[in-house]
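Engineer: This one is coords-v6.txt, compact mmCIF, C-alpha atoms.
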```
# COMPACT_ATOMS: atom_id res chain seq x y z
CA MET A 1 -19.93 16.94 90.77
CA VAL A 2 -16.88 18.87 89.56
CA ILE A 3 -14.77 15.73 89.84
CA ASN A 4 -17.39 13.87 87.84
CA ILE A 5 -17.28 16.43 85.06
CA LEU A 6 -13.49 16.32 85.03
CA THR A 7 -13.46 12.52 84.82
CA TYR A 8 -15.81 12.62 81.87
CA LEU A 9 -13.75 15.35 80.22
CA PHE A 10 -10.67 13.12 80.51
CA LYS A 11 -12.61 10.15 79.15
CA PHE A 12 -13.74 12.32 76.26
CA ILE A 13 -10.22 13.53 75.43
CA GLY A 14 -8.92 9.97 75.75
CA LEU A 15 -11.52 8.60 73.35
CA LEU A 16 -10.98 11.53 70.97
CA LEU A 17 -7.22 10.93 70.83
CA LEU A 18 -7.75 7.18 70.42
CA GLN A 19 -10.15 7.82 67.54
CA LEU A 20 -8.04 10.44 65.76
CA LEU A 21 -4.56 9.05 66.29
CA VAL A 22 -5.09 5.29 66.28
CA ILE A 23 -8.44 4.15 64.87
CA ASN A 24 -8.52 6.64 61.97
CA ASN A 25 -5.07 5.50 60.87
CA ILE A 26 -5.63 1.75 60.92
CA GLY A 27 -7.09 1.66 57.41
CA LEU A 28 -8.15 -1.98 57.23
CA SER A 29 -10.31 -1.40 54.19
CA SER A 30 -12.51 1.34 52.82
CA TYR A 31 -15.45 -0.71 54.09
CA ILE A 32 -14.36 -0.68 57.72
CA ASN A 33 -14.31 2.74 59.39
CA PRO A 34 -15.04 2.24 63.07
CA TYR A 35 -16.05 5.29 65.10
CA ILE A 36 -15.41 4.27 68.67
CA TYR A 37 -15.83 7.76 70.09
CA VAL A 38 -19.58 7.07 70.27
CA ALA A 39 -18.75 5.02 73.38
CA PHE A 40 -18.63 8.34 75.21
CA ILE A 41 -22.30 8.95 74.54
CA LEU A 42 -23.20 5.29 75.13
CA LEU A 43 -21.55 5.28 78.56
CA LEU A 44 -22.98 8.48 80.01
CA PRO A 45 -24.76 7.77 83.33
CA ILE A 46 -28.34 6.56 83.00
CA ASN A 47 -29.67 9.42 85.09
CA THR A 48 -28.10 12.14 82.92
CA LYS A 49 -30.76 14.74 82.16
CA PRO A 50 -32.20 14.22 78.64
CA TRP A 51 -31.36 17.69 77.43
CA HIS A 52 -27.82 17.27 78.72
CA VAL A 53 -27.50 14.12 76.60
CA VAL A 54 -28.72 15.98 73.50
CA ILE A 55 -26.32 18.88 74.03
CA ILE A 56 -23.38 16.60 74.84
CA SER A 57 -24.03 14.52 71.70
CA PHE A 58 -24.15 17.67 69.63
CA LEU A 59 -20.85 18.96 71.04
CA THR A 60 -19.17 15.57 70.61
CA GLY A 61 -20.21 15.51 66.98
CA ALA A 62 -19.06 19.10 66.49
CA VAL A 63 -15.58 18.35 67.86
CA ILE A 64 -15.18 15.26 65.68
CA ASP A 65 -16.44 17.22 62.66
CA ALA A 66 -13.88 19.95 63.25
CA PHE A 67 -11.07 17.43 63.36
CA SER A 68 -12.10 15.42 60.31
CA SER A 69 -13.13 18.42 58.13
CA THR A 70 -16.56 16.93 57.49
CA PRO A 71 -19.48 19.35 57.30
CA GLY A 72 -21.94 18.50 60.08
CA LEU A 73 -22.04 14.75 59.38
CA HIS A 74 -21.03 13.71 62.87
CA ILE A 75 -23.26 16.35 64.45
CA ALA A 76 -26.30 14.95 62.67
CA ALA A 77 -25.44 11.33 63.45
CA CYS A 78 -24.45 11.88 67.11
CA ASN A 79 -27.36 14.13 67.86
CA PHE A 80 -29.84 11.63 66.48
CA MET A 81 -28.15 8.81 68.35
CA GLY A 82 -28.28 10.78 71.62
CA PHE A 83 -31.98 11.41 71.14
CA ILE A 84 -32.71 7.72 70.47
CA ARG A 85 -30.62 6.81 73.52
CA ILE A 86 -32.95 8.79 75.80
CA HIS A 87 -35.97 6.83 74.63
CA TYR A 88 -34.20 3.48 74.46
CA LEU A 89 -33.06 3.81 78.08
CA ARG A 90 -36.48 4.99 79.23
CA VAL A 91 -37.98 1.74 77.95
CA THR A 92 -35.26 -0.75 78.88
CA THR A 93 -34.04 0.35 82.32
CA THR A 94 -35.63 -0.22 85.69
CA LYS A 95 -36.41 2.47 88.22
CA GLU A 96 -33.42 1.30 90.25
CA ASP A 97 -31.10 1.95 87.37
CA ARG A 98 -32.34 5.47 86.99
CA GLU A 99 -31.68 6.32 90.63
CA GLY A 100 -28.07 6.68 91.69
CA THR A 101 -25.20 6.92 89.23
CA HIS A 102 -25.42 3.76 87.18
CA ILE A 103 -23.72 3.56 83.81
CA PRO A 104 -25.24 1.47 81.01
CA SER A 105 -22.12 -0.69 80.81
CA ILE A 106 -21.30 -4.39 80.65
CA SER A 107 -20.34 -4.62 84.31
CA GLN A 108 -23.65 -3.17 85.42
CA LYS A 109 -26.13 -4.43 82.86
CA GLY A 110 -24.54 -7.58 81.43
CA VAL A 111 -22.99 -8.44 78.09
CA VAL A 112 -26.20 -9.30 76.24
CA TRP A 113 -28.09 -6.20 77.32
CA PHE A 114 -25.14 -3.98 76.52
CA SER A 115 -24.50 -5.59 73.13
CA VAL A 116 -28.08 -5.06 72.00
CA TYR A 117 -28.11 -1.51 73.37
CA ALA A 118 -24.78 -0.62 71.77
CA PHE A 119 -25.61 -2.33 68.49
CA VAL A 120 -28.88 -0.46 68.04
CA LEU A 121 -27.36 2.94 68.80
CA ILE A 122 -24.12 2.41 66.85
CA PHE A 123 -26.11 1.14 63.89
CA ILE A 124 -28.32 4.24 63.93
CA HIS A 125 -25.25 6.45 64.16
CA HIS A 126 -23.39 4.70 61.34
CA ILE A 127 -26.33 4.44 58.96
CA LEU A 128 -26.91 8.20 59.20
CA LEU A 129 -23.22 9.00 59.00
CA PHE A 130 -22.37 6.88 55.96
CA PHE A 131 -25.46 7.76 53.96
CA LEU A 132 -25.00 11.46 54.64
CA GLU A 133 -21.36 11.13 53.69
CA ILE A 134 -22.17 9.82 50.23
CA TYR A 135 -25.16 12.24 50.22
CA GLY A 136 -27.64 10.13 48.32
CA PHE A 137 -28.61 6.57 47.55
CA GLN A 138 -26.19 5.88 44.73
CA GLU A 139 -23.93 2.94 45.66
CA PHE A 140 -26.72 1.87 48.03
CA PHE A 141 -25.52 -1.66 48.76
CA ALA A 142 -21.86 -0.69 49.03
CA THR A 143 -22.81 1.93 51.62
CA LEU A 144 -25.06 -0.52 53.44
CA SER A 145 -22.29 -3.09 53.71
CA ARG A 146 -20.02 -0.29 54.93
CA VAL A 147 -22.55 0.48 57.65
CA PHE A 148 -22.86 -3.13 58.78
CA LEU A 149 -19.15 -3.96 58.75
CA SER A 150 -18.19 -0.74 60.55
CA THR A 151 -20.96 -1.24 63.11
CA PHE A 152 -19.69 -4.70 63.99
CA VAL A 153 -16.08 -3.57 64.26
CA THR A 154 -17.04 -0.55 66.41
CA LEU A 155 -19.15 -2.78 68.64
CA LEU A 156 -16.35 -5.30 68.96
CA ILE A 157 -13.77 -2.67 69.91
CA ILE A 158 -16.08 -1.07 72.48
CA ILE A 159 -16.98 -4.41 74.10
CA VAL A 160 -13.37 -5.62 74.20
CA GLY A 161 -12.25 -2.24 75.53
CA GLN A 162 -14.79 -2.44 78.34
CA LEU A 163 -13.87 -5.97 79.28
CA LEU A 164 -10.20 -4.92 79.42
CA PHE A 165 -10.46 -1.66 81.30
CA PHE A 166 -13.62 -1.69 83.38
CA LYS A 167 -13.52 -5.21 84.76
CA ALA A 168 -12.80 -4.03 88.26
CA GLU A 169 -15.97 -1.96 88.41
CA LYS A 170 -18.67 -3.77 90.33
CA ARG A 171 -22.32 -3.05 90.60
CA ASN A 172 -22.73 -1.07 93.78
CA GLY A 173 -26.27 -0.73 95.06
CA MET B 1 -51.19 30.36 74.73
CA ARG B 2 -50.76 28.59 78.07
CA ASN B 3 -51.32 25.30 76.32
CA LEU B 4 -48.66 26.11 73.78
CA ILE B 5 -46.11 26.96 76.49
CA PHE B 6 -47.05 23.79 78.34
CA PHE B 7 -46.65 21.79 75.13
CA ILE B 8 -43.19 23.24 74.48
CA TYR B 9 -42.23 22.67 78.12
CA LYS B 10 -43.36 19.05 78.00
CA TYR B 11 -41.41 18.23 74.86
CA TYR B 12 -38.49 20.63 75.31
CA VAL B 13 -35.94 17.83 74.84
CA PHE B 14 -37.44 17.02 71.49
CA PHE B 15 -37.32 20.68 70.48
CA ILE B 16 -33.66 21.05 71.44
CA PHE B 17 -32.89 17.87 69.51
CA PHE B 18 -34.93 19.02 66.53
CA ILE B 19 -33.27 22.45 66.31
CA LEU B 20 -29.75 20.99 66.53
CA GLU B 21 -30.56 18.28 63.97
CA VAL B 22 -31.95 20.83 61.52
CA LEU B 23 -28.83 22.93 62.04
CA ALA B 24 -26.65 19.92 61.15
CA PHE B 25 -28.67 19.18 58.04
CA VAL B 26 -28.49 22.80 56.91
CA ILE B 27 -24.69 22.68 57.22
CA ILE B 28 -24.53 19.41 55.26
CA TYR B 29 -26.93 20.64 52.59
CA ARG B 30 -25.13 23.91 52.05
CA PHE B 31 -21.77 22.20 51.91
CA ASN B 32 -22.83 19.58 49.38
CA ASN B 33 -24.60 22.00 47.11
CA TYR B 34 -21.90 24.51 47.25
CA GLN B 35 -18.54 22.74 46.92
CA LYS B 36 -17.42 25.46 44.52
CA ALA B 37 -17.79 28.68 46.51
CA ASN B 38 -16.65 29.59 49.96
CA PHE B 39 -18.93 28.85 52.82
CA VAL B 40 -17.43 27.78 56.11
CA ASN B 41 -13.76 27.63 56.72
CA TYR B 42 -13.19 24.26 58.27
CA THR B 43 -9.47 24.72 58.40
CA THR B 44 -9.48 26.22 61.84
CA GLY B 45 -6.19 27.00 63.49
CA VAL B 46 -6.66 24.66 66.45
CA THR B 47 -7.44 21.45 64.60
CA SER B 48 -4.78 22.10 61.98
CA SER B 49 -2.02 22.77 64.46
CA PHE B 50 -3.02 19.57 66.25
CA TYR B 51 -2.52 17.64 63.03
CA THR B 52 0.72 19.51 62.37
CA ALA B 53 2.11 18.31 65.69
CA VAL B 54 1.06 14.74 64.87
CA SER B 55 2.51 14.85 61.40
CA ASN B 56 5.76 16.40 62.61
CA THR B 57 6.19 13.33 64.78
CA ASN B 58 5.16 10.94 62.04
CA GLU B 59 7.51 12.53 59.53
CA TYR B 60 10.53 11.12 61.34
CA PHE B 61 9.36 7.61 60.58
CA SER B 62 9.04 8.19 56.85
CA LEU B 63 12.14 10.34 56.34
CA ARG B 64 13.97 7.63 54.44
CA GLY B 65 11.18 7.14 51.92
CA VAL B 66 10.71 10.89 51.48
CA ASN B 67 14.42 11.36 50.94
CA ASP B 68 14.47 8.65 48.30
CA SER B 69 11.58 10.11 46.36
CA LEU B 70 12.97 13.65 46.60
CA GLN B 71 16.35 12.44 45.46
CA ALA B 72 14.75 10.66 42.52
CA GLU B 73 12.89 13.80 41.61
CA ASN B 74 16.02 15.92 41.98
CA ALA B 75 17.85 13.59 39.65
CA ARG B 76 15.07 13.81 37.12
CA LEU B 77 14.96 17.60 37.28
CA ARG B 78 18.74 17.88 37.16
CA SER B 79 18.74 15.84 33.98
CA GLN B 80 16.44 18.44 32.45
CA LEU B 81 18.70 21.36 33.33
CA LEU B 82 20.36 23.13 30.47
CA THR B 83 23.76 22.32 31.95
CA SER B 84 23.19 18.62 31.45
CA TYR B 85 22.69 19.07 27.71
CA TYR B 86 25.51 18.98 25.22
CA LYS B 87 25.61 22.24 23.29
CA ASN B 88 25.32 21.37 19.65
CA ASN B 89 25.88 24.80 18.17
CA PHE B 90 27.50 28.04 19.12
CA VAL B 91 24.40 30.20 19.33
CA PRO B 92 23.88 31.02 22.99
CA THR B 93 20.47 30.20 24.43
CA GLN B 94 18.18 33.17 24.64
CA VAL B 95 15.33 33.70 27.04
CA ASN B 96 12.60 35.17 24.94
CA ASP B 97 9.73 36.50 26.99
CA THR B 98 7.39 37.12 24.10
CA VAL B 99 7.42 33.50 23.00
CA TYR B 100 7.25 31.82 26.41
CA LYS B 101 5.07 33.36 29.05
CA GLN B 102 5.00 31.56 32.32
CA GLN B 103 1.55 30.14 32.97
CA TYR B 104 1.94 27.83 35.97
CA ASP B 105 3.61 28.41 39.30
CA TYR B 106 4.25 25.68 41.84
CA ILE B 107 4.02 26.17 45.60
CA PRO B 108 5.55 23.35 47.68
CA ALA B 109 3.60 22.15 50.71
CA GLN B 110 3.56 19.36 53.28
CA VAL B 111 0.60 17.10 54.05
CA VAL B 112 -0.35 17.41 57.70
CA SER B 113 -3.44 15.24 57.71
CA ASN B 114 -4.75 12.69 55.26
CA SER B 115 -7.03 9.69 55.01
CA VAL B 116 -7.64 7.01 52.37
CA THR B 117 -10.24 4.66 53.78
CA LYS B 118 -13.24 6.96 54.12
CA ARG B 119 -15.72 7.39 51.26
CA ASN B 120 -14.94 11.10 51.19
CA ASN B 121 -11.31 11.83 51.95
CA TYR B 122 -9.73 15.19 52.64
CA ILE B 123 -6.13 16.32 52.91
CA THR B 124 -4.81 19.23 54.98
CA LEU B 125 -1.70 21.12 53.84
CA ASN B 126 0.57 23.36 55.87
CA ARG B 127 0.42 26.26 53.41
CA GLY B 128 -2.40 28.75 53.07
CA LYS B 129 -3.56 32.16 51.99
CA LEU B 130 -0.33 33.85 53.07
CA HIS B 131 1.63 31.63 50.69
CA GLY B 132 -0.60 32.47 47.76
CA ILE B 133 -2.94 29.48 47.82
CA THR B 134 -6.55 30.10 46.88
CA PRO B 135 -9.49 27.67 46.47
CA GLU B 136 -9.69 25.61 43.26
CA MET B 137 -5.98 25.27 42.72
CA GLY B 138 -4.72 21.86 41.65
CA VAL B 139 -2.50 19.76 43.90
CA ILE B 140 0.02 17.23 42.59
CA SER B 141 2.69 15.03 44.12
CA GLU B 142 5.94 14.05 42.43
CA ASN B 143 4.16 11.02 40.96
CA GLY B 144 0.90 12.49 39.82
CA ILE B 145 -2.33 14.19 40.62
CA VAL B 146 -3.57 14.49 44.24
CA GLY B 147 -6.62 16.76 44.43
CA ILE B 148 -8.09 20.25 44.37
CA VAL B 149 -7.82 22.95 47.05
CA MET B 150 -11.14 23.45 48.77
CA ASN B 151 -10.73 25.94 51.61
CA VAL B 152 -7.86 28.11 52.78
CA SER B 153 -7.04 29.78 56.06
CA ASP B 154 -3.99 31.96 56.70
CA HIS B 155 -1.56 29.09 57.21
CA TYR B 156 -3.43 25.97 56.15
CA SER B 157 -5.54 24.69 53.33
CA THR B 158 -7.87 21.72 52.93
CA VAL B 159 -7.76 19.70 49.75
CA LEU B 160 -10.52 17.68 48.19
CA SER B 161 -8.63 14.45 47.66
CA LEU B 162 -9.07 12.58 44.38
CA LEU B 163 -10.43 9.88 46.68
CA ASN B 164 -13.68 11.79 47.21
CA ASN B 165 -17.19 11.43 45.89
CA ASN B 166 -17.22 15.12 44.90
CA CYS B 167 -13.94 15.13 42.99
CA LYS B 168 -14.20 14.80 39.22
CA ILE B 169 -11.13 15.40 37.07
CA SER B 170 -10.98 15.87 33.34
CA ALA B 171 -8.53 13.30 31.95
CA LYS B 172 -7.43 11.91 28.62
CA ILE B 173 -5.56 8.94 27.26
CA GLU B 174 -2.12 10.08 26.18
CA LYS B 175 -1.89 7.81 23.13
CA ASN B 176 -4.97 8.92 21.25
CA GLY B 177 -6.22 11.96 23.16
CA ALA B 178 -9.61 10.40 23.98
CA PHE B 179 -10.97 12.24 26.99
CA GLY B 180 -13.18 11.25 29.89
CA SER B 181 -13.70 12.12 33.51
CA LEU B 182 -11.88 10.46 36.36
CA VAL B 183 -13.82 9.58 39.52
CA TRP B 184 -13.13 7.40 42.53
CA GLU B 185 -15.65 4.69 43.25
CA GLY B 186 -14.86 4.25 46.89
CA ASP B 187 -13.38 0.78 47.17
CA ASN B 188 -9.62 0.78 46.68
CA PRO B 189 -7.37 3.84 47.07
CA ARG B 190 -5.03 2.51 44.36
CA PHE B 191 -7.65 2.54 41.60
CA ALA B 192 -10.07 5.02 40.07
CA ALA B 193 -12.55 4.81 37.20
CA LEU B 194 -12.32 6.69 33.92
CA LYS B 195 -15.85 7.41 32.67
CA ASP B 196 -17.35 8.65 29.42
CA VAL B 197 -14.71 7.27 27.04
CA ASN B 198 -16.56 6.51 23.82
CA LYS B 199 -16.73 2.89 22.68
CA HIS B 200 -15.07 3.47 19.32
CA VAL B 201 -11.81 4.50 21.01
CA PRO B 202 -9.30 1.63 20.90
CA LEU B 203 -7.75 0.91 24.29
CA MET B 204 -4.88 -1.16 25.63
CA THR B 205 -4.00 -1.99 29.21
CA ASN B 206 -1.07 0.10 30.46
CA ASP B 207 -2.08 3.07 28.31
CA VAL B 208 -1.04 6.23 30.14
CA VAL B 209 -3.79 8.50 31.48
CA ILE B 210 -2.95 12.21 31.87
CA THR B 211 -4.84 15.39 32.68
CA SER B 212 -6.60 17.01 29.73
CA ASN B 213 -6.24 20.60 28.60
CA PHE B 214 -9.89 21.41 29.34
CA SER B 215 -9.53 22.45 32.94
CA THR B 216 -8.06 25.65 34.29
CA ILE B 217 -6.97 23.78 37.42
CA PHE B 218 -4.33 21.38 36.11
CA PRO B 219 -1.84 21.93 33.29
CA GLU B 220 -2.17 19.51 30.42
CA GLY B 221 -0.20 16.29 30.67
CA ILE B 222 0.18 15.76 34.42
CA ALA B 223 0.39 12.01 34.99
CA ILE B 224 -2.60 10.33 36.60
CA GLY B 225 -2.06 6.61 36.12
CA ARG B 226 -2.25 3.66 33.76
CA ILE B 227 -5.19 1.66 32.49
CA TYR B 228 -5.35 -1.46 34.62
CA SER B 229 -8.32 -3.11 32.97
CA HIS B 230 -11.04 -2.15 30.51
CA THR B 231 -14.28 -3.78 29.43
CA LEU B 232 -17.06 -2.87 27.05
CA ASP B 233 -20.45 -4.19 28.05
CA ALA B 234 -22.82 -5.09 25.23
CA GLY B 235 -25.19 -2.22 24.51
CA ASP B 236 -23.06 0.23 26.41
CA ASN B 237 -21.77 3.32 24.67
CA PHE B 238 -18.85 3.88 26.98
CA HIS B 239 -15.91 1.81 28.14
CA THR B 240 -15.66 0.71 31.75
CA ILE B 241 -12.07 1.58 32.59
CA LYS B 242 -10.15 0.92 35.79
CA VAL B 243 -7.13 3.18 36.18
CA GLU B 244 -4.24 2.35 38.49
CA LEU B 245 -3.24 5.65 40.09
CA ASN B 246 0.38 6.78 40.13
CA THR B 247 0.02 8.58 43.44
CA ASP B 248 0.07 6.37 46.49
CA PHE B 249 -2.37 8.33 48.64
CA SER B 250 -1.51 6.43 51.79
CA THR B 251 2.08 7.70 51.76
CA VAL B 252 1.81 11.08 50.02
CA SER B 253 3.63 13.73 52.08
CA THR B 254 5.27 16.32 49.82
CA VAL B 255 2.98 18.01 47.32
CA TYR B 256 2.96 21.00 44.99
CA VAL B 257 0.04 23.40 44.64
CA ILE B 258 -0.40 24.66 41.10
CA GLN B 259 -1.15 28.32 40.52
CA ASN B 260 -2.49 29.07 37.06
CA LEU B 261 -1.40 32.63 36.30
CA LEU B 262 -3.70 32.90 33.28
CA LYS B 263 -6.77 31.35 34.88
CA LYS B 264 -8.58 34.63 35.47
CA GLU B 265 -8.09 35.70 31.89
CA GLN B 266 -9.39 32.39 30.53
CA GLN B 267 -12.42 32.39 32.78
CA GLN B 268 -13.27 35.98 31.96
CA LEU B 269 -13.10 35.23 28.27
CA GLU B 270 -15.26 32.13 28.65
CA ALA B 271 -17.79 34.10 30.68
CA THR B 272 -18.25 36.51 27.79
CA ILE B 273 -19.10 33.61 25.48
CA VAL B 274 -21.86 32.51 27.80
CA ARG B 275 -23.23 36.04 28.01
CA SER B 276 -23.20 36.73 24.28
CA GLY B 277 -24.56 33.24 23.55
CA ASN B 278 -27.85 33.98 25.29
```
I need this file expressed as structure tokens, please.
Structural biologist:
Amino acid sequence: MVINILTYLFKFIGLLLLQLLVINNIGLSSYINPYIYVAFILLLPINTKPWHVVIISFLTGAVIDAFSSTPGLHIAACNFMGFIRIHYLRVTTTKEDREGTHIPSISQKGVVWFSVYAFVLIFIHHILLFFLEIYGFQEFFATLSRVFLSTFVTLLIIIVGQLLFFKAEKRNG
Amino acid sequence: MRNLIFFIYKYYVFFIFFILEVLAFVIIYRFNNYQKANFVNYTTGVTSSFYTAVSNTNEYFSLRGVNDSLQAENARLRSQLLTSYYKNNFVPTQVNDTVYKQQYDYIPAQVVSNSVTKRNNYITLNRGKLHGITPEMGVISENGIVGIVMNVSDHYSTVLSLLNNNCKISAKIEKNGAFGSLVWEGDNPRFAALKDVNKHVPLMTNDVVITSNFSTIFPEGIAIGRIYSHTLDAGDNFHTIKVELNTDFSTVSTVYVIQNLLKKEQQQLEATIVRSGN
């Protein structure tokens, strides 16, 4: 249990550093701002208690907010995404998945399942984040294209990252 | 009562989520509607010192460029020194305090964190309250305008970058004094838009855009950029102007924070007009 928490803490710090030091500095265009740290919330074990997921999402958002001097934007987006995740997984996972320590990842659930799952949640996160950032519906279509482009880039990075680093993991059970 | 407790127990996840979400929205709402007063100090020591460590490392890679620009600025300033002027008469220069009263003071600072690709960009500086920085001071680089100080902690301050939806700067065209307001429209960090310039004002590309004398934040005449393109749509009362900014926000590292020594006096005076006008 303690080891588990430590592993996740390391994963969190790793993703945080990757986001802050690498991804935030790429600057492809003002339309592409990937936020890959959401992978942390996406890849929590399926059997994580719902209220744990909500609290963890909130804290993740709070840390990112503190580092990017944004007022509560990431908290709102992450928290909402965490809440949707609970219901999405309740509908789309089997009883088997929910027992034991399965992770909703490519190696355990397949590329297609994971892509749809990640796309839905990342899209929800980004749409909230970017519209709250501009704080209104002026520049509606510019913001919408920002949401779509960033969602696809985030999704791509997360999928490629998983294929690179978690290939060895096999479904056990 | 038992039913109510049961109801809360059954949906407790939703309630936790709901409370946290409302909290986030309250923070966002207060921040966006405030902007001008102090509310939460986001420049916490931990996050800022993290960015300081990162920027200290990054600085080594841009030393050459920084040196070049500082050298250029030094040369420019040196050429303005009295010693580089030929004395044309024998009357020694006098410093006359009653004619010239110093109005602006400049505090040098280093950028420790910056972004250009977000819709709302912020800059963090390594100088704060202890160095005399207070909110709503202007920030410039050696090339031109950068932003406005938003929050200060003891050793750090956050700056609302010009590349931000909430940043609006009073500007004018140097040639004819026509004024408008400068905003960033979120696409390219090299360009901003100059709004509210009346259609009867004649414009040329490459006209210089400078800060106006209307604000208490920036001195008059700080360079902003040049007009890159301008159009006048039929039936529109205002020009659509694209301004190429002098400051390259992606490389800005040395900045100066402007302290207006007469700001309080001006604001007090203007406040009395509002009061007596009612």
Engineer: Using all atoms listed in the file, which residues of chain B come within 10 Å of chain A, and what is the closest atom pair for each, with the distance in Å to one decimal? Give it as a Markdown table, sorted by chain and residue number.
Structural biologist:
```
| residue | atom | partner | partner_atom | distance |
| --- | --- | --- | --- | --- |
| B:Tyr12 | CA | A:Trp51 | CA | 8.0 |
| B:Val13 | CA | A:Trp51 | CA | 5.3 |
| B:Phe14 | CA | A:Phe83 | CA | 7.8 |
| B:Phe15 | CA | A:Trp51 | CA | 9.6 |
| B:Ile16 | CA | A:Trp51 | CA | 7.2 |
| B:Phe17 | CA | A:Val54 | CA | 6.1 |
| B:Phe18 | CA | A:Phe80 | CA | 9.0 |
| B:Leu20 | CA | A:Phe58 | CA | 7.2 |
| B:Glu21 | CA | A:Ala76 | CA | 5.6 |
| B:Val22 | CA | A:Ala76 | CA | 8.2 |
| B:Leu23 | CA | A:Ala76 | CA | 8.4 |
| B:Ala24 | CA | A:Gly72 | CA | 5.0 |
| B:Phe25 | CA | A:Ala76 | CA | 6.7 |
| B:Val26 | CA | A:Gly72 | CA | 8.5 |
| B:Ile27 | CA | A:Gly72 | CA | 5.8 |
| B:Ile28 | CA | A:Pro71 | CA | 5.4 |
| B:Tyr29 | CA | A:Tyr135 | CA | 8.9 |
| B:Arg30 | CA | A:Pro71 | CA | 9.0 |
| B:Phe31 | CA | A:Pro71 | CA | 6.5 |
| B:Asn32 | CA | A:Tyr135 | CA | 7.7 |
| B:Val40 | CA | A:Pro71 | CA | 8.8 |
| B:Asn41 | CA | A:Ser69 | CA | 9.3 |
| B:Tyr42 | CA | A:Ser69 | CA | 5.8 |
| B:Thr43 | CA | A:Ser69 | CA | 7.3 |
| B:Thr44 | CA | A:Ala66 | CA | 7.8 |
| B:Val46 | CA | A:Phe67 | CA | 9.0 |
| B:Thr47 | CA | A:Phe67 | CA | 5.6 |
| B:Ser48 | CA | A:Phe67 | CA | 8.0 |
| B:Phe50 | CA | A:Phe67 | CA | 8.8 |
| B:Tyr51 | CA | A:Phe67 | CA | 8.6 |
| B:Val54 | CA | A:Leu21 | CA | 8.1 |
| B:Ser113 | CA | A:Ser68 | CA | 9.0 |
| B:Asn114 | CA | A:Asn25 | CA | 9.1 |
| B:Ser115 | CA | A:Asn25 | CA | 7.5 |
| B:Val116 | CA | A:Gly27 | CA | 7.4 |
| B:Thr117 | CA | A:Ser30 | CA | 4.1 |
| B:Lys118 | CA | A:Ser30 | CA | 5.8 |
| B:Arg119 | CA | A:Ile134 | CA | 7.0 |
| B:Asn120 | CA | A:Glu133 | CA | 6.9 |
| B:Asn121 | CA | A:Ser68 | CA | 9.1 |
| B:Tyr122 | CA | A:Ser69 | CA | 7.2 |
| B:Ile123 | CA | A:Ser69 | CA | 9.0 |
| B:Thr124 | CA | A:Ser69 | CA | 8.9 |
| B:Thr158 | CA | A:Ser69 | CA | 8.1 |
| B:Asn164 | CA | A:Ile134 | CA | 9.2 |
| B:Asn165 | CA | A:Ile134 | CA | 6.8 |
| B:Asn166 | CA | A:Ile134 | CA | 9.0 |
| B:Glu185 | CA | A:Glu139 | CA | 8.8 |
| B:Gly186 | CA | A:Ser30 | CA | 7.0 |
| B:Asp187 | CA | A:Ser30 | CA | 5.7 |
| B:Asn188 | CA | A:Ser30 | CA | 6.8 |
| B:Pro189 | CA | A:Ser30 | CA | 8.1 |
| B:Ser250 | CA | A:Gly27 | CA | 9.2 |
```
Engineer: Do you know which residues are at most 7 Å from region 206-223 of chain B counting all atoms listed in the file, after dropping those on the same chain fewer than 5 positions away, and could you put them as a compact mmCIF listing (two decimals) with C-alpha atoms, in the frame of the given file?
Structural biologist:
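Everything below was put into selection-v5.txt:
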```txt
# COMPACT_ATOMS: atom_id res chain seq x y z
CA GLU B 136 -9.69 25.61 43.26
CA MET B 137 -5.98 25.27 42.72
CA GLY B 138 -4.72 21.86 41.65
CA GLY B 144 0.90 12.49 39.82
CA ILE B 145 -2.33 14.19 40.62
CA SER B 170 -10.98 15.87 33.34
CA ALA B 171 -8.53 13.30 31.95
CA LYS B 172 -7.43 11.91 28.62
CA ILE B 173 -5.56 8.94 27.26
CA GLU B 174 -2.12 10.08 26.18
CA TYR B 228 -5.35 -1.46 34.62
CA ASN B 260 -2.49 29.07 37.06
CA LYS B 263 -6.77 31.35 34.88
```
Engineer: I'd like the neighbourhood of region 113-128 of chain A as a list of chain:residue names, where a residue qualifies if any of its atoms comes within 6 Å (using all atoms listed in the file), though same-chain residues fewer than 5 positions away should be ignored.
Structural biologist: A:Ala77, A:Met81, A:Ile106, A:Val147, A:Thr151
Engineer: What is the distance between CA of Val38 (chain A) and CA of Asp97 (chain A), in Å to one decimal?
Structural biologist: 21.2 Å
Engineer: Once 4 Å is added on each side, what centre and edge lengths in Å to one decimal does the axis-aligned box around all listed atoms of region 17-21 of chain B have, as lines of an AutoDock Vina configuration file?
Structural biologist:
```
center_x = -32.3
center_y = 20.2
center_z = 66.7
size_x = 13.2
size_y = 12.6
size_z = 13.5
```
Engineer: List the neighbours of Ser253 (chain B) out to 8 Å using all atoms listed in the file; skip same-chain residues closer than 3 positions along the sequence, and give me the result as a PyMOL selection string.
Structural biologist: chain B and resi 66+110-112
Engineer: Using CA of Thr48 (chain A) and CA of Pro34 (chain A) as the two end points, give the distance in Å to one decimal.
Structural biologist: 25.7 Å
Engineer: Can you measure CA of Asn74 (chain B) to CA of Ile133 (chain B) for me? One decimal in Å is fine.
Structural biologist: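 The value is 24.0 Å.
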Engineer: Show which residues sit within 7 Å of Ile158 (chain A), as an MDAnalysis selection string. Count all atoms listed in the file, and ignore same-chain residues fewer than 4 positions away.
Structural biologist: chainID A and resid 36 39 154 162
Engineer: Using all atoms listed in the file, which of A:Ile46, A:Leu16, A:Val22, A:Ile159 sits nearest Glu96 (chain A)?
Structural biologist: A:Ile46
